[in-house]
$ cat coords_3.pdb   # PDB, C-alpha atoms and all ligand atoms
ATOM      1  CA  LEU A  20     101.659-142.752  26.437  1.00  0.00           C
ATOM      2  CA  ARG A  21      98.739-141.187  24.632  1.00  0.00           C
ATOM      3  CA  TRP A  22      96.747-143.143  22.023  1.00  0.00           C
ATOM      4  CA  ILE A  23      96.033-140.891  19.041  1.00  0.00           C
ATOM      5  CA  ARG A  24      93.208-141.826  16.705  1.00  0.00           C
ATOM      6  CA  THR A  25      93.915-140.058  13.438  1.00  0.00           C
ATOM      7  CA  VAL A  26      93.971-141.344   9.846  1.00  0.00           C
ATOM      8  CA  SER A  27      96.803-143.719  10.817  1.00  0.00           C
ATOM      9  CA  PRO A  28      96.873-144.984  14.392  1.00  0.00           C
ATOM     10  CA  GLY A  29      99.804-143.931  16.519  1.00  0.00           C
ATOM     11  CA  ILE A  30     100.903-143.040  20.007  1.00  0.00           C
ATOM     12  CA  LYS A  31     102.946-140.194  21.403  1.00  0.00           C
ATOM     13  CA  LEU A  32     104.768-139.724  24.687  1.00  0.00           C
ATOM     14  CA  ARG A  33     102.801-137.664  27.172  1.00  0.00           C
ATOM     15  CA  THR A  34     104.276-134.288  28.098  1.00  0.00           C
ATOM     16  CA  ASP A  35     103.719-131.983  31.048  1.00  0.00           C
ATOM     17  CA  ASN A  36     101.497-128.897  30.705  1.00  0.00           C
ATOM     18  CA  ASP A  37     104.424-126.925  29.262  1.00  0.00           C
ATOM     19  CA  GLY A  38     105.066-129.553  26.611  1.00  0.00           C
ATOM     20  CA  ALA A  39     108.205-130.948  28.303  1.00  0.00           C
ATOM     21  CA  CYS A  40     109.006-134.665  28.255  1.00  0.00           C
ATOM     22  CA  LEU A  41     108.037-136.410  31.516  1.00  0.00           C
ATOM     23  CA  PHE A  42     111.380-138.231  31.595  1.00  0.00           C
ATOM     24  CA  VAL A  43     113.558-135.132  31.784  1.00  0.00           C
ATOM     25  CA  THR A  44     115.067-134.399  35.220  1.00  0.00           C
ATOM     26  CA  ASP A  45     117.610-131.902  36.579  1.00  0.00           C
ATOM     27  CA  GLU A  46     120.229-134.600  36.006  1.00  0.00           C
ATOM     28  CA  GLY A  47     119.135-135.185  32.400  1.00  0.00           C
ATOM     29  CA  CYS A  48     117.165-138.014  30.797  1.00  0.00           C
ATOM     30  CA  SER A  49     115.954-140.551  33.358  1.00  0.00           C
ATOM     31  CA  VAL A  50     115.527-143.250  30.671  1.00  0.00           C
ATOM     32  CA  TYR A  51     118.731-142.486  28.800  1.00  0.00           C
ATOM     33  CA  ASN A  52     119.706-146.103  28.099  1.00  0.00           C
ATOM     34  CA  ASP A  53     116.249-146.805  26.667  1.00  0.00           C
ATOM     35  CA  ARG A  54     115.531-143.436  25.031  1.00  0.00           C
ATOM     36  CA  PRO A  55     113.534-143.517  21.790  1.00  0.00           C
ATOM     37  CA  THR A  56     115.032-143.303  18.305  1.00  0.00           C
ATOM     38  CA  ALA A  57     114.121-139.622  17.780  1.00  0.00           C
ATOM     39  CA  CYS A  58     116.009-138.715  20.976  1.00  0.00           C
ATOM     40  CA  ARG A  59     119.037-140.738  19.855  1.00  0.00           C
ATOM     41  CA  TYR A  60     119.155-138.930  16.508  1.00  0.00           C
ATOM     42  CA  TYR A  61     118.460-135.379  17.730  1.00  0.00           C
ATOM     43  CA  PRO A  62     119.742-132.889  16.579  1.00  0.00           C
ATOM     44  CA  VAL A  63     120.147-134.929  13.416  1.00  0.00           C
ATOM     45  CA  GLY A  64     116.952-135.176  11.395  1.00  0.00           C
ATOM     46  CA  HIS A  65     116.465-138.050   8.963  1.00  0.00           C
ATOM     47  CA  MET A  66     114.055-139.156   6.276  1.00  0.00           C
ATOM     48  CA  ALA A  67     113.744-141.951   3.729  1.00  0.00           C
ATOM     49  CA  ILE A  68     113.510-141.010   0.072  1.00  0.00           C
ATOM     50  CA  ARG A  69     112.789-143.290  -2.871  1.00  0.00           C
ATOM     51  CA  GLU A  70     113.956-141.922  -6.233  1.00  0.00           C
ATOM     52  CA  ALA A  71     111.718-142.519  -9.256  1.00  0.00           C
ATOM     53  CA  GLY A  72     112.379-146.036 -10.583  1.00  0.00           C
ATOM     54  CA  ALA A  73     114.381-147.133  -7.500  1.00  0.00           C
ATOM     55  CA  THR A  74     113.355-150.220  -5.533  1.00  0.00           C
ATOM     56  CA  GLU A  75     114.976-149.232  -2.230  1.00  0.00           C
ATOM     57  CA  ASP A  76     114.600-146.219   0.046  1.00  0.00           C
ATOM     58  CA  GLU A  77     117.635-144.042   0.634  1.00  0.00           C
ATOM     59  CA  ALA A  78     118.296-142.386   3.995  1.00  0.00           C
ATOM     60  CA  ARG A  79     118.919-138.646   4.038  1.00  0.00           C
ATOM     61  CA  TYR A  80     120.191-136.719   7.086  1.00  0.00           C
ATOM     62  CA  PHE A  81     120.173-133.038   8.036  1.00  0.00           C
ATOM     63  CA  LEU A  82     121.104-130.944  11.065  1.00  0.00           C
ATOM     64  CA  VAL A  83     118.321-129.394  13.153  1.00  0.00           C
ATOM     65  CA  LYS A  84     119.462-126.086  14.685  1.00  0.00           C
ATOM     66  CA  GLU A  85     117.373-124.952  17.635  1.00  0.00           C
ATOM     67  CA  ASP A  86     118.478-122.468  20.322  1.00  0.00           C
ATOM     68  CA  HIS A  87     117.659-124.798  23.219  1.00  0.00           C
ATOM     69  CA  CYS A  88     120.124-127.437  21.963  1.00  0.00           C
ATOM     70  CA  LYS A  89     123.400-126.478  23.647  1.00  0.00           C
ATOM     71  CA  GLY A  90     125.289-129.257  21.865  1.00  0.00           C
ATOM     72  CA  HIS A  91     125.777-126.891  18.924  1.00  0.00           C
ATOM     73  CA  GLU A  92     128.014-124.738  21.134  1.00  0.00           C
ATOM     74  CA  GLU A  93     130.476-127.596  21.669  1.00  0.00           C
ATOM     75  CA  ASP A  94     133.675-127.675  19.669  1.00  0.00           C
ATOM     76  CA  ARG A  95     133.234-131.139  18.224  1.00  0.00           C
ATOM     77  CA  GLU A  96     132.870-132.549  14.725  1.00  0.00           C
ATOM     78  CA  ILE A  97     131.486-136.004  13.980  1.00  0.00           C
ATOM     79  CA  SER A  98     130.293-137.692  10.795  1.00  0.00           C
ATOM     80  CA  VAL A  99     126.708-138.964  10.550  1.00  0.00           C
ATOM     81  CA  THR A 100     128.055-142.527  10.287  1.00  0.00           C
ATOM     82  CA  ASP A 101     130.000-142.213  13.549  1.00  0.00           C
ATOM     83  CA  TYR A 102     127.141-140.374  15.259  1.00  0.00           C
ATOM     84  CA  ARG A 103     124.706-143.171  14.345  1.00  0.00           C
ATOM     85  CA  LYS A 104     127.175-145.742  15.758  1.00  0.00           C
ATOM     86  CA  GLU A 105     127.674-143.704  18.925  1.00  0.00           C
ATOM     87  CA  GLN A 106     123.900-143.449  19.431  1.00  0.00           C
ATOM     88  CA  GLN A 107     123.357-147.176  18.610  1.00  0.00           C
ATOM     89  CA  VAL A 108     120.464-146.397  16.274  1.00  0.00           C
ATOM     90  CA  GLU A 109     120.891-149.281  13.827  1.00  0.00           C
ATOM     91  CA  GLN A 110     118.690-151.803  15.662  1.00  0.00           C
ATOM     92  CA  TYR A 111     116.069-149.083  16.202  1.00  0.00           C
ATOM     93  CA  ASP A 112     116.172-148.141  12.513  1.00  0.00           C
ATOM     94  CA  GLN A 113     115.765-151.787  11.524  1.00  0.00           C
ATOM     95  CA  ILE A 114     112.540-152.304  13.478  1.00  0.00           C
ATOM     96  CA  ASN A 115     111.291-148.833  12.484  1.00  0.00           C
ATOM     97  CA  ARG A 116     111.791-149.736   8.807  1.00  0.00           C
ATOM     98  CA  GLU A 117     109.659-152.870   9.255  1.00  0.00           C
ATOM     99  CA  TRP A 118     106.990-150.813  11.044  1.00  0.00           C
ATOM    100  CA  MET A 119     107.026-148.121   8.322  1.00  0.00           C
ATOM    101  CA  GLN A 120     106.456-150.790   5.656  1.00  0.00           C
ATOM    102  CA  LEU A 121     103.302-151.756   7.547  1.00  0.00           C
ATOM    103  CA  ILE A 122     102.105-148.137   7.750  1.00  0.00           C
ATOM    104  CA  LEU A 123     102.892-147.560   4.063  1.00  0.00           C
ATOM    105  CA  LYS A 124     100.800-150.618   3.190  1.00  0.00           C
ATOM    106  CA  LYS A 125      97.817-148.951   4.819  1.00  0.00           C
ATOM    107  CA  LYS A 126      98.550-145.617   3.129  1.00  0.00           C
ATOM    108  CA  SER A 127      99.146-147.133  -0.316  1.00  0.00           C
ATOM    109  CA  ALA A 128      95.898-149.109  -0.069  1.00  0.00           C
ATOM    110  CA  GLY A 129      94.152-145.716  -0.050  1.00  0.00           C
ATOM    111  CA  PRO A 130      90.519-145.184   0.908  1.00  0.00           C
ATOM    112  CA  SER A 131      89.497-148.530  -0.677  1.00  0.00           C
ATOM    113  CA  ILE A 132      90.512-150.390   2.493  1.00  0.00           C
ATOM    114  CA  GLY A 133      88.346-148.138   4.686  1.00  0.00           C
ATOM    115  CA  ARG A 134      88.787-147.170   8.287  1.00  0.00           C
ATOM    116  CA  PRO A 135      90.083-150.026  10.475  1.00  0.00           C
ATOM    117  CA  SER A 136      87.569-151.386  12.989  1.00  0.00           C
ATOM    118  CA  ASP A 137      88.074-150.737  16.710  1.00  0.00           C
ATOM    119  CA  THR A 138      89.096-154.396  17.113  1.00  0.00           C
ATOM    120  CA  SER A 139      91.761-154.012  14.399  1.00  0.00           C
ATOM    121  CA  LEU A 140      93.055-150.831  16.041  1.00  0.00           C
ATOM    122  CA  GLN A 141      93.264-152.527  19.440  1.00  0.00           C
ATOM    123  CA  PHE A 142      95.081-155.466  17.865  1.00  0.00           C
ATOM    124  CA  PHE A 143      97.467-153.062  16.101  1.00  0.00           C
ATOM    125  CA  PHE A 144      98.121-151.284  19.397  1.00  0.00           C
ATOM    126  CA  MET A 145      98.883-154.543  21.225  1.00  0.00           C
ATOM    127  CA  CYS A 146     101.241-155.882  18.507  1.00  0.00           C
ATOM    128  CA  CYS A 147     103.160-152.588  18.176  1.00  0.00           C
ATOM    129  CA  TYR A 148     103.196-151.056  21.637  1.00  0.00           C
ATOM    130  CA  ASP A 149     102.102-153.438  24.381  1.00  0.00           C
ATOM    131  CA  MET A 150     104.825-156.077  24.313  1.00  0.00           C
ATOM    132  CA  ASP A 151     103.879-157.656  27.653  1.00  0.00           C
ATOM    133  CA  ARG A 152     100.319-158.330  26.503  1.00  0.00           C
ATOM    134  CA  PHE A 153     101.423-159.354  23.013  1.00  0.00           C
ATOM    135  CA  ARG A 154     103.915-161.837  24.497  1.00  0.00           C
ATOM    136  CA  ARG A 155     101.167-163.375  26.646  1.00  0.00           C
ATOM    137  CA  PHE A 156      98.955-163.586  23.549  1.00  0.00           C
ATOM    138  CA  VAL A 157     101.646-165.319  21.436  1.00  0.00           C
ATOM    139  CA  LEU A 158     102.433-167.784  24.229  1.00  0.00           C
ATOM    140  CA  SER A 159      98.746-168.523  24.892  1.00  0.00           C
ATOM    141  CA  ASP A 160      97.093-171.876  24.118  1.00  0.00           C
ATOM    142  CA  SER A 161      94.683-170.230  21.679  1.00  0.00           C
ATOM    143  CA  PHE A 162      97.537-168.774  19.613  1.00  0.00           C
ATOM    144  CA  LYS A 163      99.352-172.125  19.627  1.00  0.00           C
ATOM    145  CA  ALA A 164      96.151-173.843  18.487  1.00  0.00           C
ATOM    146  CA  SER A 165      95.877-171.432  15.537  1.00  0.00           C
ATOM    147  CA  TYR A 166      99.431-171.019  14.248  1.00  0.00           C
ATOM    148  CA  ASP A 167     101.942-173.662  13.242  1.00  0.00           C
ATOM    149  CA  MET A 168     105.117-172.477  14.974  1.00  0.00           C
ATOM    150  CA  ASP A 169     107.917-174.635  16.396  1.00  0.00           C
ATOM    151  CA  ASP A 170     109.336-174.738  19.940  1.00  0.00           C
ATOM    152  CA  ALA A 171     112.406-172.673  18.926  1.00  0.00           C
ATOM    153  CA  PHE A 172     110.094-169.825  17.868  1.00  0.00           C
ATOM    154  CA  TYR A 173     108.254-169.802  21.214  1.00  0.00           C
ATOM    155  CA  SER A 174     111.465-169.922  23.195  1.00  0.00           C
ATOM    156  CA  THR A 175     112.894-166.975  21.158  1.00  0.00           C
ATOM    157  CA  VAL A 176     109.858-164.680  21.475  1.00  0.00           C
ATOM    158  CA  GLU A 177     109.607-165.502  25.169  1.00  0.00           C
ATOM    159  CA  LYS A 178     113.068-164.016  25.759  1.00  0.00           C
ATOM    160  CA  GLU A 179     113.797-161.562  22.940  1.00  0.00           C
ATOM    161  CA  ASP A 180     111.871-158.310  22.594  1.00  0.00           C
ATOM    162  CA  LEU A 181     113.185-157.480  19.119  1.00  0.00           C
ATOM    163  CA  ALA A 182     112.164-160.883  17.740  1.00  0.00           C
ATOM    164  CA  LEU A 183     108.727-160.439  19.312  1.00  0.00           C
ATOM    165  CA  MET A 184     108.317-156.924  17.832  1.00  0.00           C
ATOM    166  CA  SER A 185     109.368-158.131  14.406  1.00  0.00           C
ATOM    167  CA  PHE A 186     106.911-161.011  14.621  1.00  0.00           C
ATOM    168  CA  GLY A 187     104.138-158.578  15.647  1.00  0.00           C
ATOM    169  CA  ILE A 188     104.660-156.617  12.437  1.00  0.00           C
ATOM    170  CA  ARG A 189     104.588-159.841  10.382  1.00  0.00           C
ATOM    171  CA  LEU A 190     101.399-160.955  12.095  1.00  0.00           C
ATOM    172  CA  LEU A 191      99.750-157.576  11.432  1.00  0.00           C
ATOM    173  CA  LYS A 192     100.750-157.745   7.754  1.00  0.00           C
ATOM    174  CA  GLN A 193      99.121-161.187   7.558  1.00  0.00           C
ATOM    175  CA  ILE A 194      95.931-160.389   9.481  1.00  0.00           C
ATOM    176  CA  LEU A 195      95.298-156.870   8.163  1.00  0.00           C
ATOM    177  CA  PHE A 196      96.670-157.146   4.624  1.00  0.00           C
ATOM    178  CA  GLY A 197      96.669-160.861   3.789  1.00  0.00           C
ATOM    179  CA  ASP A 198     100.493-161.196   3.469  1.00  0.00           C
ATOM    180  CA  GLU A 199     100.632-164.906   4.288  1.00  0.00           C
ATOM    181  CA  THR A 200     104.036-165.605   5.876  1.00  0.00           C
ATOM    182  CA  ILE A 201     102.932-167.433   9.029  1.00  0.00           C
ATOM    183  CA  ALA A 202     101.598-170.960   8.717  1.00  0.00           C
ATOM    184  CA  VAL A 203      98.073-171.428  10.083  1.00  0.00           C
ATOM    185  CA  LYS A 204      97.087-174.837  11.476  1.00  0.00           C
ATOM    186  CA  PRO A 205      94.603-176.704   9.250  1.00  0.00           C
ATOM    187  CA  GLY A 206      91.013-176.066  10.345  1.00  0.00           C
ATOM    188  CA  ALA A 207      91.990-173.355  12.870  1.00  0.00           C
ATOM    189  CA  GLU A 208      90.033-170.597  11.129  1.00  0.00           C
ATOM    190  CA  GLU A 209      86.862-172.731  10.839  1.00  0.00           C
ATOM    191  CA  LYS A 210      87.175-173.721  14.506  1.00  0.00           C
ATOM    192  CA  ARG A 211      87.489-170.094  15.557  1.00  0.00           C
ATOM    193  CA  LEU A 212      84.464-169.056  13.489  1.00  0.00           C
ATOM    194  CA  LYS A 213      82.425-171.941  14.971  1.00  0.00           C
ATOM    195  CA  GLU A 214      83.396-170.898  18.517  1.00  0.00           C
ATOM    196  CA  ARG A 215      82.395-167.302  17.730  1.00  0.00           C
ATOM    197  CA  ARG A 216      79.012-168.463  16.390  1.00  0.00           C
ATOM    198  CA  GLU A 217      78.415-170.536  19.548  1.00  0.00           C
ATOM    199  CA  ILE A 218      79.204-167.561  21.793  1.00  0.00           C
ATOM    200  CA  SER A 219      76.985-165.095  19.896  1.00  0.00           C
TER     201      SER A 219
HETATM  202  S1  LIG B   1     116.115-137.827  25.674  1.00  0.00           S
HETATM  203 FE1  LIG B   1     114.018-138.130  24.970  1.00  0.00          FE
HETATM  204  S2  LIG B   1     113.085-139.463  26.548  1.00  0.00           S
HETATM  205 FE2  LIG B   1     114.925-138.559  27.450  1.00  0.00          FE
HETATM  206  S3  LIG B   1     114.227-136.694  28.509  1.00  0.00           S
HETATM  207 FE3  LIG B   1     114.891-136.080  26.427  1.00  0.00          FE
HETATM  208  S4  LIG B   1     113.009-136.142  25.190  1.00  0.00           S
HETATM  209 FE4  LIG B   1     112.604-137.318  27.088  1.00  0.00          FE
END

$ encode --input "coords_3.pdb" --output "structure tokens"
Amino acid sequence: LRWIRTVSPGIKLRTDNDGACLFVTDEGCSVYNDRPTACRYYPVGHMAIREAGATEDEARYFLVKEDHCKGHEEDREISVTDYRKEQQVEQYDQINREWMQLILKKKSAGPSIGRPSDTSLQFFFMCCYDMDRFRRFVLSDSFKASYDMDDAFYSTVEKEDLALMSFGIRLLKQILFGDETIAVKPGAEEKRLKERREIS
């Protein structure tokens, strides 16, 4: 993975010097069962559009025709609905929608919010892309001392990646944008600030 520092933080899969994916082999995709959403959709392109006055986004799909995609030569017709089912994209779309809401929050805040600090970017990276580290963080004593979560929550995020990813997006919305949906233990913030003052 390569960490890209542009206007909005993001990562992209590394490629070889010719621009080819590092997971492609003579036998095909070596991570087929875990391939990313874009690979599942291809050669179907998709975008979300919100009409003026609407409160919900609407998905739009289109066919991408490129010479290297030999699938177009096959004699097979399939609807977008059936193709999405076949490619099992729904759970990927769900988490991507939550993630896009987070990114749109940053974009819609405009320049007033300023450039995120390095610490915020690192935190964003951990919550979105480094699930092993984020899981250790959520299960740590310091997290438990700060947030008021029950045992069922900890046992779910310990085992379930999707629940952990979803929680990461919620936590980012709270910490970066003040969307308070996670209960903080009384006095936790003051305690943390006091500890920081003692260290510095
Ligand atoms: S399907 Fe995606 S992850 Fe797999 S080899 Fe192709 S580009 Fe790479």

$ closest_atom_pairs --input "coords_3.pdb" --of "chain A" --to "ligand LIG 1 (chain B)" --cutoff "9 Å" --atoms "only C-alpha atoms and all ligand atoms" --output "JSON lines"
{"residue": "A:Leu32", "atom": "CA", "partner": "B:LIG1", "partner_atom": "S2", "distance": 8.5}
{"residue": "A:Thr34", "atom": "CA", "partner": "B:LIG1", "partner_atom": "FE4", "distance": 8.9}
{"residue": "A:Ala39", "atom": "CA", "partner": "B:LIG1", "partner_atom": "S4", "distance": 7.7}
{"residue": "A:Cys40", "atom": "CA", "partner": "B:LIG1", "partner_atom": "FE4", "distance": 4.6}
{"residue": "A:Leu41", "atom": "CA", "partner": "B:LIG1", "partner_atom": "FE4", "distance": 6.4}
{"residue": "A:Phe42", "atom": "CA", "partner": "B:LIG1", "partner_atom": "S3", "distance": 4.5}
{"residue": "A:Val43", "atom": "CA", "partner": "B:LIG1", "partner_atom": "S3", "distance": 3.7}
{"residue": "A:Thr44", "atom": "CA", "partner": "B:LIG1", "partner_atom": "S3", "distance": 7.1}
{"residue": "A:Gly47", "atom": "CA", "partner": "B:LIG1", "partner_atom": "S3", "distance": 6.4}
{"residue": "A:Cys48", "atom": "CA", "partner": "B:LIG1", "partner_atom": "S3", "distance": 4.0}
{"residue": "A:Ser49", "atom": "CA", "partner": "B:LIG1", "partner_atom": "FE2", "distance": 6.3}
{"residue": "A:Val50", "atom": "CA", "partner": "B:LIG1", "partner_atom": "FE2", "distance": 5.7}
{"residue": "A:Tyr51", "atom": "CA", "partner": "B:LIG1", "partner_atom": "FE2", "distance": 5.6}
{"residue": "A:Asn52", "atom": "CA", "partner": "B:LIG1", "partner_atom": "FE2", "distance": 9.0}
{"residue": "A:Asp53", "atom": "CA", "partner": "B:LIG1", "partner_atom": "S2", "distance": 8.0}
{"residue": "A:Arg54", "atom": "CA", "partner": "B:LIG1", "partner_atom": "S2", "distance": 4.9}
{"residue": "A:Pro55", "atom": "CA", "partner": "B:LIG1", "partner_atom": "S2", "distance": 6.3}
{"residue": "A:Thr56", "atom": "CA", "partner": "B:LIG1", "partner_atom": "FE1", "distance": 8.5}
{"residue": "A:Ala57", "atom": "CA", "partner": "B:LIG1", "partner_atom": "FE1", "distance": 7.3}
{"residue": "A:Cys58", "atom": "CA", "partner": "B:LIG1", "partner_atom": "FE1", "distance": 4.5}
{"residue": "A:Arg59", "atom": "CA", "partner": "B:LIG1", "partner_atom": "S1", "distance": 7.1}
{"residue": "A:Tyr61", "atom": "CA", "partner": "B:LIG1", "partner_atom": "S1", "distance": 8.6}

$ write_last_selection --input "coords_3.pdb" --atoms "C-alpha atoms" --output "compact mmCIF listing (two decimals), in the frame of the given file"
# COMPACT_ATOMS: atom_id res chain seq x y z
CA LEU A 32 104.77 -139.72 24.69
CA THR A 34 104.28 -134.29 28.10
CA ALA A 39 108.20 -130.95 28.30
CA CYS A 40 109.01 -134.66 28.26
CA LEU A 41 108.04 -136.41 31.52
CA PHE A 42 111.38 -138.23 31.60
CA VAL A 43 113.56 -135.13 31.78
CA THR A 44 115.07 -134.40 35.22
CA GLY A 47 119.14 -135.18 32.40
CA CYS A 48 117.16 -138.01 30.80
CA SER A 49 115.95 -140.55 33.36
CA VAL A 50 115.53 -143.25 30.67
CA TYR A 51 118.73 -142.49 28.80
CA ASN A 52 119.71 -146.10 28.10
CA ASP A 53 116.25 -146.80 26.67
CA ARG A 54 115.53 -143.44 25.03
CA PRO A 55 113.53 -143.52 21.79
CA THR A 56 115.03 -143.30 18.30
CA ALA A 57 114.12 -139.62 17.78
CA CYS A 58 116.01 -138.72 20.98
CA ARG A 59 119.04 -140.74 19.86
CA TYR A 61 118.46 -135.38 17.73

$ resolve_selection --input "coords_3.pdb" --expression "the PyMOL selection byres (((chain A and resi 107-117) around 10) and not hetatm)" --output "JSON, numbers by chain"
{"A": [55, 56, 57, 59, 60, 67, 76, 101, 102, 103, 104, 105, 106, 118, 119, 120, 121, 122, 181, 182, 184, 185, 188, 189]}

$ residues_around --input "coords_3.pdb" --residues "Leu82 in chain A" --least-positions-apart "4" --cutoff "12 Å" --atoms "all atoms listed in the file" --output "ChimeraX atom specification"
/A:60-66,88,90-91,97-99,102

$ axis_aligned_box --input "coords_3.pdb" --around "range 192-211 of chain A" --padding-each-side "4 Å" --output "JSON"
{"center_x": 95.4, "center_y": -166.8, "center_z": 9.5, "size_x": 25.2, "size_y": 27.8, "size_z": 20.1}

$ resolve_selection --input "coords_3.pdb" --expression "the PyMOL selection byres (((chain A and resi 162) around 12) and not hetatm)" --output "PyMOL selection string"
chain A and resi 153-161+163-168+173+190+201-204+207-208+211

$ atom_distance --input "coords_3.pdb" --atom1 "CA of Leu140 in chain A" --atom2 "CA of Asp169 in chain A"
28.1 Å

$ closest_residue --input "coords_3.pdb" --among "A:Phe186, A:Gly38, A:Lys84, A:Arg33" --to "Thr200 in chain A" --atoms "only C-alpha atoms"
A:Phe186

$ decode --input "coords_3.pdb" --residues "range 194-201 of chain A" --atoms "all heavy atoms" --output "PDB file, in the first residue's frame"
ATOM      1  N   ILE A 194     -14.233  12.348  16.736  1.00  0.00           N
ATOM      2  CA  ILE A 194     -12.988  13.029  17.114  1.00  0.00           C
ATOM      3  C   ILE A 194     -12.662  14.180  16.157  1.00  0.00           C
ATOM      4  O   ILE A 194     -12.254  15.259  16.579  1.00  0.00           O
ATOM      5  CB  ILE A 194     -11.836  12.004  17.189  1.00  0.00           C
ATOM      6  CG1 ILE A 194     -12.072  11.110  18.402  1.00  0.00           C
ATOM      7  CG2 ILE A 194     -10.476  12.693  17.299  1.00  0.00           C
ATOM      8  CD1 ILE A 194     -11.049  10.042  18.616  1.00  0.00           C
ATOM      9  N   LEU A 195     -12.864  13.959  14.854  1.00  0.00           N
ATOM     10  CA  LEU A 195     -12.478  15.000  13.893  1.00  0.00           C
ATOM     11  C   LEU A 195     -13.568  16.038  13.660  1.00  0.00           C
ATOM     12  O   LEU A 195     -13.274  17.186  13.359  1.00  0.00           O
ATOM     13  CB  LEU A 195     -12.093  14.368  12.541  1.00  0.00           C
ATOM     14  CG  LEU A 195     -10.947  13.348  12.557  1.00  0.00           C
ATOM     15  CD1 LEU A 195     -10.670  12.849  11.144  1.00  0.00           C
ATOM     16  CD2 LEU A 195      -9.675  13.957  13.135  1.00  0.00           C
ATOM     17  N   PHE A 196     -14.847  15.629  13.785  1.00  0.00           N
ATOM     18  CA  PHE A 196     -15.918  16.560  13.426  1.00  0.00           C
ATOM     19  C   PHE A 196     -16.920  16.817  14.553  1.00  0.00           C
ATOM     20  O   PHE A 196     -17.927  17.495  14.337  1.00  0.00           O
ATOM     21  CB  PHE A 196     -16.660  16.049  12.179  1.00  0.00           C
ATOM     22  CG  PHE A 196     -15.741  15.888  10.995  1.00  0.00           C
ATOM     23  CD1 PHE A 196     -15.356  14.630  10.573  1.00  0.00           C
ATOM     24  CD2 PHE A 196     -15.237  16.997  10.338  1.00  0.00           C
ATOM     25  CE1 PHE A 196     -14.493  14.477   9.487  1.00  0.00           C
ATOM     26  CE2 PHE A 196     -14.381  16.853   9.262  1.00  0.00           C
ATOM     27  CZ  PHE A 196     -14.001  15.603   8.842  1.00  0.00           C
ATOM     28  N   GLY A 197     -16.684  16.234  15.721  1.00  0.00           N
ATOM     29  CA  GLY A 197     -17.555  16.528  16.863  1.00  0.00           C
ATOM     30  C   GLY A 197     -18.929  15.883  16.795  1.00  0.00           C
ATOM     31  O   GLY A 197     -19.845  16.312  17.496  1.00  0.00           O
ATOM     32  N   ASP A 198     -19.124  14.849  15.944  1.00  0.00           N
ATOM     33  CA  ASP A 198     -20.405  14.113  15.921  1.00  0.00           C
ATOM     34  C   ASP A 198     -20.433  13.164  17.112  1.00  0.00           C
ATOM     35  O   ASP A 198     -19.921  12.048  17.042  1.00  0.00           O
ATOM     36  CB  ASP A 198     -20.498  13.252  14.644  1.00  0.00           C
ATOM     37  CG  ASP A 198     -21.003  14.039  13.475  1.00  0.00           C
ATOM     38  OD1 ASP A 198     -21.137  15.252  13.610  1.00  0.00           O
ATOM     39  OD2 ASP A 198     -21.240  13.416  12.420  1.00  0.00           O
ATOM     40  N   GLU A 199     -21.056  13.584  18.195  1.00  0.00           N
ATOM     41  CA  GLU A 199     -20.989  12.803  19.442  1.00  0.00           C
ATOM     42  C   GLU A 199     -21.961  11.635  19.402  1.00  0.00           C
ATOM     43  O   GLU A 199     -23.150  11.805  19.650  1.00  0.00           O
ATOM     44  CB  GLU A 199     -21.323  13.710  20.633  1.00  0.00           C
ATOM     45  CG  GLU A 199     -20.436  14.927  20.771  1.00  0.00           C
ATOM     46  CD  GLU A 199     -19.170  14.640  21.568  1.00  0.00           C
ATOM     47  OE1 GLU A 199     -19.177  13.677  22.341  1.00  0.00           O
ATOM     48  OE2 GLU A 199     -18.188  15.381  21.381  1.00  0.00           O
ATOM     49  N   THR A 200     -21.464  10.429  19.094  1.00  0.00           N
ATOM     50  CA  THR A 200     -22.341   9.243  19.133  1.00  0.00           C
ATOM     51  C   THR A 200     -21.772   8.169  20.057  1.00  0.00           C
ATOM     52  O   THR A 200     -22.383   7.135  20.257  1.00  0.00           O
ATOM     53  CB  THR A 200     -22.521   8.624  17.723  1.00  0.00           C
ATOM     54  OG1 THR A 200     -21.248   8.165  17.260  1.00  0.00           O
ATOM     55  CG2 THR A 200     -23.103   9.601  16.732  1.00  0.00           C
ATOM     56  N   ILE A 201     -20.583   8.424  20.601  1.00  0.00           N
ATOM     57  CA  ILE A 201     -19.947   7.420  21.467  1.00  0.00           C
ATOM     58  C   ILE A 201     -19.768   8.047  22.848  1.00  0.00           C
ATOM     59  O   ILE A 201     -19.151   9.124  22.981  1.00  0.00           O
ATOM     60  CB  ILE A 201     -18.573   7.006  20.884  1.00  0.00           C
ATOM     61  CG1 ILE A 201     -18.733   6.523  19.434  1.00  0.00           C
ATOM     62  CG2 ILE A 201     -17.912   5.938  21.741  1.00  0.00           C
ATOM     63  CD1 ILE A 201     -17.435   6.435  18.666  1.00  0.00           C
TER      64      ILE A 201
END
